[in-house]
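Student: Could you have a look at this structure, given as structure tokens, before my questions?
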Amino acid sequence: MSAGIAAGTAFGLRPAARHASHVQARGRLRVVVPRAAGAPLGRGNSSERGSGTKSASENTPSQQWVLPAARPSGDFSEGNDARARGSGIGASTGNTGAGGESPTGLRAGVTHRAVGLVEAPETTETSVVPGGDKRPPARRKGAGKNFIRKYKSTLGAPPTDLSGAIGTSLERLVLGDFETRRTRPLGEGSYESTLQRLNASAMRFRELHPSGPNLVPTKDDDDVATIELRDGDAVVRVGIDGTITLLRRDTSADTLKDWNENESNDESLLVVSRARAGLPAEARSLNATVTFVSFDKEGGQSACELVWGDPLAPICSLRIERCGSPCDDGLCQNANDANDCCDEKNPTSNRPSLVAAWNENLHDGFVFDFVVFLDALGDPTNASAEIEVDLKTSGDWFGGGHLMRQHWPLNSGCWEVGPHYPFDNGPNGVNTLVSNNWVSSSGAAVLCDPDTPYLHVGLNAPDANWLDALGGSNRSFGVGIQNAARHVLPMDCSTHNPGKTGSGRKGDGALRLQARGSFARGKGAFQMDHPMIGWESSFDSYDEVFDTYDFGDESFDDDACIEPHVEKQNQHKTLRCDEQNRTVSMRVALCALPDVKQATLVCLKTLPKPNKPPPPEVIRAPIWTTWARYKQNVDQAKTLTFAKEILDNKLPASVMEIDDKWQSGYGELDFDLGKFPDPAGMVDELHRLGFKVTLWVMPFVEERTAAYKEGAELGYFVQSKHAPPRLKPGFFKWWNTPPVVALDVTNPAAVDWFVNRLKNLQTKYGIDGFKFDAGEPCFLPRMFETHESLGHPSEYTRYWVERVAAQFELAEVRTGHGTTGVGVLTRMGDRFSEWGTANGLRSIIPTLLTSGVMGYPFCLPDMIGGNAYFGRRPDRELLVRWAQANALMPAMQFSIAPWDAGADVASLIGESLKTREKIVDTMVGLTNEACDTLAPMCRPMWWLDATDKETFRIADQFAVGDDVIVAPVVTKGANKRDVYLTKGSWVDVDHADGEVFTGGRWLRNYPAPLAKLPCFVRVET
């Protein structure tokens, strides 16, 4: 941190204009602010906080010394060192008087700006900023509530003791601003009265915080100042070069018996993660200025902001705020404290905060808001605000979304940076279900604001080679047959498992979270062409921040250190305003938990919980669907024949789902009477055989239907002024023909119209529920327009799930983003009928586990054996092994008839279904637990023992609850496999009275012939 803030003084500098907060503050937080060693404020020789404090005159910035510039290096510092060294991100050496420093320990040239003091804006039309440019001053509507902490005074000293430079700046700001606004007579907000309030503020601050803020000298070789904040057992250190180190108290260390939250003890801290703010080129040679620090009632720091460039015309800024709320941290010791801290009428409780729905339940962590000011950049069109998290420091990573090639852990693949919203086989491999949380084996949790309008994400993105540079890596979204020849992404990483050969690529070793100003194709290698290019978000990160405090108001609250901003009329969506303050803002939370399980649970606490689980019958018995067996050739006779064959082969059933081409036209939502002459009679017969009946629907309507004519006249479909070749505006291609339009799910009238037509089907024919397909925004027409403007493409998906699918008890969806609160089955995307991780059999366990980490416990794996696309059908072995792998997942779904693959296949699959019957009561119970906590029904192996490093990379086993381990064979031709058992005692589920295996070890070459599903249950010894 820039030197120059004295312990025991009132301070807290004005934050630069930045992206407006949409959520009011919930209270004060505690943090610690270290300083560069040798700074002119801090402590004397005494070890007690606050002693040896220098006077304001001694700490004035008139000495003209500067801190050295610090450029971020190409790599994260210190690698994967588990124990913190010094500050961990480069801090001052602490050797006073050495290396060109003054006798007092300061380096020559520290200016008032270097120590964090900001000159008041000129009152003339233009002001000169660094570099000689002239630009209009940032608009202001007041001097600012934080203003009186901008300048230092000493307890008991008269206001006139302020230095000349500070006094001049103060006079210019107060008198000039009041004269400009003319909101009250000058005398009521005079220079003298403001100085009196300044001194009163300092006196009250010293009364509340007699020991003052903790200023900790940090030690390293890079001489870079850091700011340190704490939340619970978590510590973050942010360097003025944008580097971030996330640490956690080592609770096993003997040195922590007398843990002092306001004192650094590097020997007791473990490095959990490292990150950095991606500074624009214009800021990389600059050190940041600390423009404010906020305090709680105990004197700990709760928030701070760093600005690169002139604070009045910044290039970028980074604001950090602690996750925990004051009341949760026990700061309210009595009723009076509680009222002061949390009362909604208290002005400080209404200050802007980074607390929002996506992070409000977090703890042991910090929220970051990195803002880039576009007008300060040479190339604002391609600018982004990026938070980059180092992968290696934190171990193995999980979460983020379903991928076509689902890696477990994620850093075993190379996820190219691309748009982050649900796709059907997106240009970089992102598939139908996405989330905004990631966790690591070290206990790091990373979450980002899900409403970031043009969010881009990449994890371990591949380094470009010569072929990529020539355009060989350019990606585009396709539909239907266009995907047949596409490479299945993300690519494998060649360096994740040393010694393992393969055709993978080297990744960049970072999780990249980017807020951009638009969706664009991009430049250079790995360009992304997708349907959202050209679409404009209704969320606008181009905000103007106003400073609203009136110095003439006697109700001034001198404990508030973060300035209030004008609240927008519509907090959900902000509007574009002053072009001078255009920004892009990336908000990210970083938490440091004891282990990966705790990190996952913390993320799940931020998500909506379903109020009820799926019906138990879809958990107890398989769903059967007509799609893979009959495709579009389904009819009434085939459906009834299929149902009877299932029962003849002594296989259980819960639902018969009638898939594509049951309608007379897409979107008509009525049976094709040529194929289904007696729909009501068919449904009655299926009910008599023991099946419930569901129908396949999607939000698309073709032109030749009566539904289109009716809906178009009422304005119920998504519009677009863009017309692709040979298509009418609003129409688009999808995986079938003909072209269609999309239901406008933002229009309540359109939703009611659609839902009522579905309910009419139920009334007319006795239909029990629906399979809701599609819903990904990737199918919408380019530059689409909706009844209610969307801030993020995923809102279309959210409305499809929450406004349509959620209205039916028996339902399944295949897409989602922020839809964890809907208690329906969430299906994986369509699988290929093959063995590999490229969307084949070996992809379903990693995808299942990823669903759980993302908060979707009711995972429905896709059809057993895959979809038989492109003429590829599963053979006998693949179908049996697939059924075994799926047998103990939350739900099962058949379409390819087992008896079609071989005479004994039905009986072999029946054996795995018998295993399910032994566990199914436990599974039904887990659905209720999932509603309470979102804990996954099927869990990663590390869920059973998050300290066991052997569990982190196991991608072909899972646990059902905490007491069942499933280890299916997913390799062609294998009749044995290695099985890992976590600590405890275990028996083979097929031999409950047999050998008891002690866990915490591998069972090598465990027998697994084709009829065998290796499964182990915990036993008490």
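Quick note on naming: the chains in the structure tokens go A, B, ... in the order shown, residues restart at 1 in each chain, and ligands are numbered from 1 in order of appearance.
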Can you pull out the residues contacting stretch 954-961 of chain A? Cut-off 10 Å, using only C-alpha atoms, and skip same-chain residues under 6 positions away; I want them as a CSV table (one decimal) with all heavy atoms, in the first residue's frame.
Tutor:
```csv
chain,number,residue,atom,x,y,z
A,406,GLN,N,-15.8,-33.6,-21.0
A,406,GLN,CA,-15.8,-33.2,-19.6
A,406,GLN,C,-14.6,-33.7,-18.8
A,406,GLN,O,-14.5,-34.9,-18.6
A,406,GLN,CB,-17.1,-33.7,-18.9
A,406,GLN,CG,-17.3,-33.1,-17.5
A,406,GLN,CD,-17.9,-31.7,-17.6
A,406,GLN,OE1,-18.9,-31.5,-18.3
A,406,GLN,NE2,-17.2,-30.8,-17.0
A,407,HIS,N,-13.7,-32.8,-18.5
A,407,HIS,CA,-12.5,-33.1,-17.8
A,407,HIS,C,-12.7,-33.1,-16.3
A,407,HIS,O,-13.5,-32.2,-15.8
A,407,HIS,CB,-11.3,-32.2,-18.2
A,407,HIS,CG,-10.9,-32.3,-19.6
A,407,HIS,ND1,-11.4,-31.5,-20.6
A,407,HIS,CD2,-10.0,-33.2,-20.2
A,407,HIS,CE1,-10.8,-31.8,-21.7
A,407,HIS,NE2,-10.0,-32.8,-21.5
A,408,TRP,N,-12.1,-34.0,-15.6
A,408,TRP,CA,-12.1,-34.1,-14.1
A,408,TRP,C,-10.8,-34.5,-13.6
A,408,TRP,O,-10.4,-35.7,-13.8
A,408,TRP,CB,-13.2,-35.1,-13.7
A,408,TRP,CG,-13.4,-35.1,-12.2
A,408,TRP,CD1,-12.7,-35.9,-11.3
A,408,TRP,CD2,-14.3,-34.4,-11.4
A,408,TRP,NE1,-13.2,-35.7,-10.0
A,408,TRP,CE2,-14.2,-34.7,-10.1
A,408,TRP,CE3,-15.3,-33.4,-11.7
A,408,TRP,CZ2,-14.9,-34.2,-9.0
A,408,TRP,CZ3,-16.1,-32.9,-10.7
A,408,TRP,CH2,-15.9,-33.3,-9.4
A,409,PRO,N,-10.0,-33.6,-13.0
A,409,PRO,CA,-10.3,-32.2,-12.8
A,409,PRO,C,-10.3,-31.4,-14.1
A,409,PRO,O,-9.8,-31.8,-15.1
A,409,PRO,CB,-9.3,-31.8,-11.8
A,409,PRO,CG,-8.1,-32.7,-12.1
A,409,PRO,CD,-8.7,-34.0,-12.5
A,842,ARG,N,-17.2,-42.4,-21.0
A,842,ARG,CA,-16.3,-42.0,-19.9
A,842,ARG,C,-16.5,-40.5,-19.6
A,842,ARG,O,-15.9,-40.0,-18.6
A,842,ARG,CB,-14.8,-42.2,-20.3
A,842,ARG,CG,-14.3,-43.6,-20.2
A,842,ARG,CD,-12.8,-43.7,-20.1
A,842,ARG,NE,-12.2,-43.3,-21.3
A,842,ARG,CZ,-12.0,-44.1,-22.4
A,842,ARG,NH1,-12.5,-45.4,-22.3
A,842,ARG,NH2,-11.4,-43.7,-23.4
A,843,SER,N,-17.4,-39.8,-20.3
A,843,SER,CA,-17.7,-38.5,-19.9
A,843,SER,C,-18.9,-38.4,-18.9
A,843,SER,O,-19.0,-37.3,-18.3
A,843,SER,CB,-18.1,-37.7,-21.2
A,843,SER,OG,-19.4,-38.1,-21.6
A,844,ILE,N,-19.6,-39.4,-18.7
A,844,ILE,CA,-20.8,-39.2,-17.9
A,844,ILE,C,-20.5,-39.1,-16.4
A,844,ILE,O,-21.2,-38.4,-15.7
A,844,ILE,CB,-21.9,-40.3,-18.2
A,844,ILE,CG1,-21.5,-41.7,-17.7
A,844,ILE,CG2,-22.3,-40.3,-19.6
A,844,ILE,CD1,-22.6,-42.7,-17.7
A,845,ILE,N,-19.5,-39.8,-15.8
A,845,ILE,CA,-19.2,-39.7,-14.4
A,845,ILE,C,-18.7,-38.3,-14.1
A,845,ILE,O,-19.1,-37.6,-13.2
A,845,ILE,CB,-18.3,-40.8,-13.9
A,845,ILE,CG1,-19.0,-42.1,-14.0
A,845,ILE,CG2,-17.8,-40.5,-12.5
A,845,ILE,CD1,-18.1,-43.3,-13.6
A,846,PRO,N,-17.7,-37.8,-14.9
A,846,PRO,CA,-17.2,-36.4,-14.7
A,846,PRO,C,-18.4,-35.4,-14.8
A,846,PRO,O,-18.4,-34.4,-14.1
A,846,PRO,CB,-16.2,-36.2,-15.7
A,846,PRO,CG,-15.6,-37.5,-16.0
A,846,PRO,CD,-16.8,-38.5,-15.9
A,847,THR,N,-19.3,-35.6,-15.8
A,847,THR,CA,-20.4,-34.7,-15.9
A,847,THR,C,-21.4,-34.8,-14.7
A,847,THR,O,-21.9,-33.7,-14.3
A,847,THR,CB,-21.1,-34.9,-17.2
A,847,THR,OG1,-20.2,-34.9,-18.3
A,847,THR,CG2,-22.2,-33.9,-17.5
A,848,LEU,N,-21.6,-36.0,-14.3
A,848,LEU,CA,-22.4,-36.2,-13.1
A,848,LEU,C,-21.8,-35.4,-11.9
A,848,LEU,O,-22.5,-34.7,-11.1
A,848,LEU,CB,-22.6,-37.6,-12.8
A,848,LEU,CG,-23.1,-38.0,-11.4
A,848,LEU,CD1,-24.6,-37.9,-11.4
A,848,LEU,CD2,-22.7,-39.5,-11.0
A,849,LEU,N,-20.6,-35.6,-11.6
A,849,LEU,CA,-19.9,-35.0,-10.5
A,849,LEU,C,-19.9,-33.5,-10.6
A,849,LEU,O,-20.1,-32.7,-9.6
A,849,LEU,CB,-18.5,-35.5,-10.4
A,849,LEU,CG,-18.4,-37.0,-10.2
A,849,LEU,CD1,-16.9,-37.5,-10.0
A,849,LEU,CD2,-19.2,-37.5,-8.9
A,885,ALA,N,-22.7,-48.1,-15.3
A,885,ALA,CA,-22.2,-46.8,-14.8
A,885,ALA,C,-23.4,-45.9,-14.4
A,885,ALA,O,-23.3,-45.2,-13.4
A,885,ALA,CB,-21.4,-46.2,-15.9
A,888,LEU,N,-26.5,-46.4,-10.5
A,888,LEU,CA,-26.6,-45.8,-9.2
A,888,LEU,C,-26.5,-44.3,-9.2
A,888,LEU,O,-26.2,-43.6,-8.2
A,888,LEU,CB,-25.5,-46.4,-8.2
A,888,LEU,CG,-25.7,-47.9,-7.9
A,888,LEU,CD1,-24.6,-48.4,-7.0
A,888,LEU,CD2,-27.1,-48.1,-7.3
A,889,MET,N,-26.8,-43.7,-10.4
A,889,MET,CA,-26.9,-42.3,-10.6
A,889,MET,C,-28.3,-41.9,-10.2
A,889,MET,O,-29.2,-42.8,-10.1
A,889,MET,CB,-26.5,-41.9,-12.0
A,889,MET,CG,-25.0,-42.1,-12.3
A,889,MET,SD,-24.5,-41.6,-13.9
A,889,MET,CE,-22.8,-42.0,-13.9
A,890,PRO,N,-28.6,-40.6,-10.0
A,890,PRO,CA,-30.0,-40.2,-9.5
A,890,PRO,C,-31.1,-40.8,-10.3
A,890,PRO,O,-32.2,-41.1,-9.7
A,890,PRO,CB,-29.9,-38.7,-9.5
A,890,PRO,CG,-28.5,-38.4,-9.3
A,890,PRO,CD,-27.7,-39.5,-10.1
A,919,ILE,N,-30.0,-50.0,-3.1
A,919,ILE,CA,-29.6,-48.7,-2.7
A,919,ILE,C,-30.7,-47.6,-2.8
A,919,ILE,O,-30.6,-46.5,-2.3
A,919,ILE,CB,-28.3,-48.2,-3.5
A,919,ILE,CG1,-27.3,-49.3,-3.5
A,919,ILE,CG2,-27.8,-46.9,-3.0
A,919,ILE,CD1,-26.7,-49.6,-2.1
A,922,THR,N,-32.0,-45.3,0.0
A,922,THR,CA,-31.0,-44.3,0.3
A,922,THR,C,-31.1,-43.1,-0.6
A,922,THR,O,-31.0,-42.0,-0.3
A,922,THR,CB,-29.6,-44.9,0.4
A,922,THR,OG1,-29.6,-45.9,1.4
A,922,THR,CG2,-28.6,-43.9,0.7
A,923,MET,N,-31.2,-43.5,-1.9
A,923,MET,CA,-31.2,-42.4,-2.9
A,923,MET,C,-32.4,-41.5,-2.8
A,923,MET,O,-32.3,-40.3,-3.0
A,923,MET,CB,-31.2,-43.1,-4.3
A,923,MET,CG,-29.9,-43.9,-4.5
A,923,MET,SD,-29.9,-44.7,-6.1
A,923,MET,CE,-29.6,-43.4,-7.2
A,925,GLY,N,-34.0,-40.9,-0.1
A,925,GLY,CA,-33.7,-40.0,1.1
A,925,GLY,C,-32.8,-38.9,0.7
A,925,GLY,O,-32.9,-37.8,1.3
A,926,LEU,N,-31.8,-39.1,-0.1
A,926,LEU,CA,-30.9,-38.1,-0.5
A,926,LEU,C,-31.5,-37.0,-1.3
A,926,LEU,O,-31.0,-35.8,-1.3
A,926,LEU,CB,-29.7,-38.7,-1.3
A,926,LEU,CG,-28.8,-39.6,-0.5
A,926,LEU,CD1,-27.8,-40.3,-1.5
A,926,LEU,CD2,-28.0,-38.8,0.5
A,929,GLU,N,-32.5,-34.5,1.3
A,929,GLU,CA,-31.3,-33.7,1.8
A,929,GLU,C,-30.8,-32.7,0.8
A,929,GLU,O,-30.4,-31.6,1.1
A,929,GLU,CB,-30.1,-34.7,2.1
A,929,GLU,CG,-28.9,-34.1,2.5
A,929,GLU,CD,-27.7,-35.1,2.7
A,929,GLU,OE1,-28.0,-36.3,2.8
A,929,GLU,OE2,-26.6,-34.6,2.8
A,935,ALA,N,-26.7,-30.5,-1.4
A,935,ALA,CA,-25.6,-31.5,-1.4
A,935,ALA,C,-25.9,-32.5,-2.5
A,935,ALA,O,-27.0,-32.9,-2.6
A,935,ALA,CB,-25.5,-32.2,0.0
A,936,PRO,N,-24.9,-32.8,-3.3
A,936,PRO,CA,-25.1,-33.7,-4.4
A,936,PRO,C,-25.6,-35.1,-3.9
A,936,PRO,O,-25.1,-35.6,-2.8
A,936,PRO,CB,-23.8,-33.8,-5.1
A,936,PRO,CG,-22.8,-33.3,-4.1
A,936,PRO,CD,-23.5,-32.3,-3.2
A,937,MET,N,-26.4,-35.8,-4.6
A,937,MET,CA,-26.8,-37.2,-4.3
A,937,MET,C,-25.6,-38.1,-4.6
A,937,MET,O,-25.3,-39.0,-3.8
A,937,MET,CB,-28.0,-37.6,-5.1
A,937,MET,CG,-29.3,-36.8,-4.8
A,937,MET,SD,-30.6,-37.2,-5.9
A,937,MET,CE,-30.9,-39.0,-5.6
A,938,CYS,N,-25.0,-37.9,-5.8
A,938,CYS,CA,-23.8,-38.6,-6.2
A,938,CYS,C,-22.6,-37.7,-6.1
A,938,CYS,O,-22.6,-36.6,-6.7
A,938,CYS,CB,-24.0,-39.1,-7.6
A,938,CYS,SG,-25.3,-40.3,-7.8
A,939,ARG,N,-21.6,-38.1,-5.3
A,939,ARG,CA,-20.6,-37.2,-4.8
A,939,ARG,C,-19.2,-37.6,-5.3
A,939,ARG,O,-18.9,-38.8,-5.5
A,939,ARG,CB,-20.6,-37.2,-3.3
A,939,ARG,CG,-22.0,-36.7,-2.8
A,939,ARG,CD,-22.2,-36.9,-1.3
A,939,ARG,NE,-23.6,-36.5,-0.9
A,939,ARG,CZ,-24.1,-36.5,0.3
A,939,ARG,NH1,-23.4,-37.1,1.3
A,939,ARG,NH2,-25.3,-36.0,0.5
A,940,PRO,N,-18.3,-36.6,-5.5
A,940,PRO,CA,-16.9,-36.9,-5.8
A,940,PRO,C,-16.3,-37.7,-4.7
A,940,PRO,O,-16.7,-37.7,-3.5
A,940,PRO,CB,-16.3,-35.6,-5.9
A,940,PRO,CG,-17.4,-34.6,-6.1
A,940,PRO,CD,-18.6,-35.2,-5.4
A,941,MET,N,-15.3,-38.5,-5.0
A,941,MET,CA,-14.6,-39.3,-4.0
A,941,MET,C,-14.0,-38.4,-2.9
A,941,MET,O,-13.9,-38.8,-1.7
A,941,MET,CB,-13.5,-40.1,-4.6
A,941,MET,CG,-14.1,-41.3,-5.5
A,941,MET,SD,-15.1,-42.4,-4.6
A,941,MET,CE,-13.9,-43.1,-3.4
A,942,TRP,N,-13.6,-37.2,-3.3
A,942,TRP,CA,-13.0,-36.3,-2.2
A,942,TRP,C,-14.1,-35.8,-1.2
A,942,TRP,O,-13.8,-35.3,-0.2
A,942,TRP,CB,-12.3,-35.1,-2.8
A,942,TRP,CG,-12.9,-34.3,-4.0
A,942,TRP,CD1,-12.5,-34.4,-5.3
A,942,TRP,CD2,-14.0,-33.4,-3.9
A,942,TRP,NE1,-13.3,-33.5,-6.0
A,942,TRP,CE2,-14.1,-32.9,-5.2
A,942,TRP,CE3,-14.8,-32.9,-2.9
A,942,TRP,CZ2,-15.1,-31.9,-5.5
A,942,TRP,CZ3,-15.7,-31.9,-3.2
A,942,TRP,CH2,-15.9,-31.4,-4.5
A,943,TRP,N,-15.4,-36.0,-1.6
A,943,TRP,CA,-16.4,-35.6,-0.6
A,943,TRP,C,-16.3,-36.5,0.7
A,943,TRP,O,-16.6,-36.0,1.8
A,943,TRP,CB,-17.8,-35.8,-1.3
A,943,TRP,CG,-18.9,-35.1,-0.5
A,943,TRP,CD1,-19.6,-35.5,0.5
A,943,TRP,CD2,-19.5,-33.8,-0.8
A,943,TRP,NE1,-20.6,-34.7,0.9
A,943,TRP,CE2,-20.5,-33.6,0.1
A,943,TRP,CE3,-19.2,-32.8,-1.8
A,943,TRP,CZ2,-21.3,-32.4,0.1
A,943,TRP,CZ3,-20.0,-31.7,-1.8
A,943,TRP,CH2,-21.0,-31.5,-0.9
A,944,LEU,N,-15.9,-37.7,0.5
A,944,LEU,CA,-15.8,-38.6,1.6
A,944,LEU,C,-14.6,-38.4,2.5
A,944,LEU,O,-14.6,-38.7,3.7
A,944,LEU,CB,-15.7,-40.1,1.1
A,944,LEU,CG,-16.9,-40.5,0.2
A,944,LEU,CD1,-16.8,-42.0,0.0
A,944,LEU,CD2,-18.2,-40.2,0.8
A,967,ALA,N,-17.8,-48.0,-8.6
A,967,ALA,CA,-16.6,-48.0,-9.4
A,967,ALA,C,-16.8,-48.8,-10.7
A,967,ALA,O,-16.3,-49.9,-10.9
A,967,ALA,CB,-15.4,-48.6,-8.7
A,968,PRO,N,-17.7,-48.3,-11.6
A,968,PRO,CA,-18.0,-49.1,-12.8
A,968,PRO,C,-16.8,-49.2,-13.8
A,968,PRO,O,-15.9,-48.4,-13.7
A,968,PRO,CB,-19.1,-48.2,-13.5
A,968,PRO,CG,-18.9,-46.9,-12.9
A,968,PRO,CD,-18.3,-47.0,-11.6
A,969,VAL,N,-16.9,-50.1,-14.7
A,969,VAL,CA,-15.8,-50.3,-15.7
A,969,VAL,C,-16.2,-49.5,-16.9
A,969,VAL,O,-17.4,-49.6,-17.4
A,969,VAL,CB,-15.7,-51.8,-16.1
A,969,VAL,CG1,-14.8,-51.9,-17.3
A,969,VAL,CG2,-15.2,-52.6,-15.0
A,970,VAL,N,-15.4,-48.6,-17.3
A,970,VAL,CA,-15.7,-47.7,-18.4
A,970,VAL,C,-14.6,-47.7,-19.5
A,970,VAL,O,-14.5,-46.8,-20.3
A,970,VAL,CB,-15.8,-46.2,-17.9
A,970,VAL,CG1,-17.0,-46.1,-17.0
A,970,VAL,CG2,-14.6,-45.8,-17.2
A,971,THR,N,-13.8,-48.9,-19.5
A,971,THR,CA,-12.8,-49.1,-20.5
A,971,THR,C,-13.1,-50.3,-21.3
A,971,THR,O,-13.4,-51.4,-20.8
A,971,THR,CB,-11.4,-49.2,-19.9
A,971,THR,OG1,-11.1,-48.1,-19.1
A,971,THR,CG2,-10.3,-49.4,-20.9
A,979,VAL,N,-9.7,-50.0,-7.7
A,979,VAL,CA,-10.8,-49.3,-7.0
A,979,VAL,C,-10.2,-48.6,-5.8
A,979,VAL,O,-9.4,-49.3,-5.0
A,979,VAL,CB,-11.9,-50.3,-6.5
A,979,VAL,CG1,-12.9,-49.6,-5.7
A,979,VAL,CG2,-12.5,-51.0,-7.7
A,980,TYR,N,-10.5,-47.4,-5.6
A,980,TYR,CA,-10.0,-46.7,-4.4
A,980,TYR,C,-11.1,-46.6,-3.3
A,980,TYR,O,-12.2,-46.1,-3.6
A,980,TYR,CB,-9.5,-45.3,-4.7
A,980,TYR,CG,-8.8,-44.6,-3.6
A,980,TYR,CD1,-7.5,-45.0,-3.2
A,980,TYR,CD2,-9.4,-43.7,-2.7
A,980,TYR,CE1,-6.8,-44.5,-2.2
A,980,TYR,CE2,-8.7,-43.1,-1.7
A,980,TYR,CZ,-7.4,-43.5,-1.4
A,980,TYR,OH,-6.8,-43.0,-0.3
A,981,LEU,N,-10.8,-47.0,-2.1
A,981,LEU,CA,-11.7,-46.9,-1.0
A,981,LEU,C,-11.1,-45.9,0.0
A,981,LEU,O,-10.0,-45.9,0.4
A,981,LEU,CB,-11.9,-48.2,-0.3
A,981,LEU,CG,-12.4,-49.4,-1.1
A,981,LEU,CD1,-12.4,-50.7,-0.3
A,981,LEU,CD2,-13.7,-49.1,-1.7
A,1014,PRO,N,-18.8,-53.2,-9.8
A,1014,PRO,CA,-18.1,-53.0,-8.5
A,1014,PRO,C,-18.8,-51.9,-7.6
A,1014,PRO,O,-18.8,-50.8,-8.1
A,1014,PRO,CB,-16.7,-52.7,-8.9
A,1014,PRO,CG,-16.5,-53.2,-10.2
A,1014,PRO,CD,-17.8,-53.0,-10.9
A,1015,CYS,N,-19.2,-52.3,-6.5
A,1015,CYS,CA,-19.9,-51.4,-5.6
A,1015,CYS,C,-19.7,-51.8,-4.2
A,1015,CYS,O,-19.8,-53.0,-3.8
A,1015,CYS,CB,-21.4,-51.4,-5.9
A,1015,CYS,SG,-22.4,-50.3,-4.8
A,1016,PHE,N,-19.3,-50.8,-3.3
A,1016,PHE,CA,-19.0,-51.1,-1.9
A,1016,PHE,C,-19.8,-50.2,-1.0
A,1016,PHE,O,-20.1,-49.1,-1.3
A,1016,PHE,CB,-17.5,-50.8,-1.7
A,1016,PHE,CG,-16.6,-51.7,-2.6
A,1016,PHE,CD1,-16.4,-51.3,-3.9
A,1016,PHE,CD2,-16.0,-52.8,-2.1
A,1016,PHE,CE1,-15.5,-52.1,-4.7
A,1016,PHE,CE2,-15.2,-53.6,-2.9
A,1016,PHE,CZ,-15.0,-53.2,-4.2
A,1017,VAL,N,-20.2,-50.8,0.1
A,1017,VAL,CA,-21.0,-50.1,1.2
A,1017,VAL,C,-20.2,-50.1,2.4
A,1017,VAL,O,-19.4,-51.0,2.8
A,1017,VAL,CB,-22.3,-50.7,1.4
A,1017,VAL,CG1,-23.2,-50.6,0.1
A,1017,VAL,CG2,-22.2,-52.2,1.8
```
Student: Nearest residue to A:Ser353 out of A:Asp396, A:Asp932, A:Glu536, A:Asp369, using only C-alpha atoms?
Tutor: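 Of the candidates, the smallest distance to A:Ser353 is held by A:Asp369.
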Student: Between A:Arg322, A:Arg521, A:His496, A:Lys597, which one has atoms that come closest to A:Gly395, using only C-alpha atoms?
Tutor: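 Closest candidate: A:His496.
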Student: How many Å separate atom CA of A:Gly400 from atom CA of A:Thr850?
Tutor: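 Answer for the atom CA of A:Gly400 to atom CA of A:Thr850 separation: 7.8 Å.
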Student: Env of A:Ser789: 9 Å cut, atoms = only C-alpha atoms, seq-sep filter 4 positions within chain, self excluded. Answer as a CSV table (one decimal) with N, CA, C and O atoms, in the first residue's frame.
Tutor:
```csv
chain,number,residue,atom,x,y,z
A,537,SER,N,-26.7,-6.1,-24.4
A,537,SER,CA,-27.3,-6.4,-23.1
A,537,SER,C,-28.0,-5.2,-22.6
A,537,SER,O,-27.7,-4.0,-22.8
A,538,SER,N,-29.1,-5.4,-21.8
A,538,SER,CA,-29.8,-4.3,-21.1
A,538,SER,C,-29.1,-3.9,-19.8
A,538,SER,O,-29.3,-2.8,-19.3
A,539,PHE,N,-28.4,-4.9,-19.3
A,539,PHE,CA,-27.4,-4.5,-18.2
A,539,PHE,C,-26.4,-3.6,-18.9
A,539,PHE,O,-26.0,-3.9,-20.0
A,746,THR,N,-39.9,-14.0,-22.0
A,746,THR,CA,-39.8,-12.8,-21.2
A,746,THR,C,-41.2,-12.1,-21.1
A,746,THR,O,-41.4,-11.2,-20.3
A,785,GLU,N,-34.5,-9.6,-30.2
A,785,GLU,CA,-35.2,-8.6,-29.3
A,785,GLU,C,-36.3,-9.3,-28.6
A,785,GLU,O,-37.1,-10.1,-29.2
```
Student: Pick out the residues sitting within 12 Å of A:Thr495, and hand them over as JSON, numbers by chain; count only C-alpha atoms, and ignore anything fewer than 6 positions along from it in its own chain.
Tutor: {"A": [392, 411, 412, 413, 414, 460, 462, 501, 502, 503, 504, 505, 506, 507, 508, 509]}
Student: Restricting the calculation to only C-alpha atoms, which member of A:Cys859, A:Met783, A:Ala589, A:Leu391 is positioned closest to A:His722?
Tutor: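 Smallest distance to A:His722 is found for A:Met783.
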Student: Quick one: everything within 8 Å of A:Asp659, counting only C-alpha atoms, minus sequence neighbours fewer than 6 positions away in the same chain. Send it as a PyMOL selection string.
Tutor: chain A and resi 625-627+631-632+634+695-696
Student: Atom CA of A:Ala749 and atom CA of A:Trp800 are how many Å apart?
Tutor: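 Distance between the two atoms: 13.7 Å.
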Student: Leaving out A:Glu809 and any residue of its chain fewer than 3 positions from it, which residues lie within 12 Å of it when counting only C-alpha atoms, given as a list in words?
Tutor: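 My reading of the contact set: Asn611, Lys612, Pro613, Pro614, Pro615, Pro616, Glu617, Val618, Thr694, Lys759, Ile767, Asp768, Gly769, Phe770, Lys771, Val804, Ala805, Ala806, Glu812, Val822, Gly823, Val824 and Leu825 of chain A.
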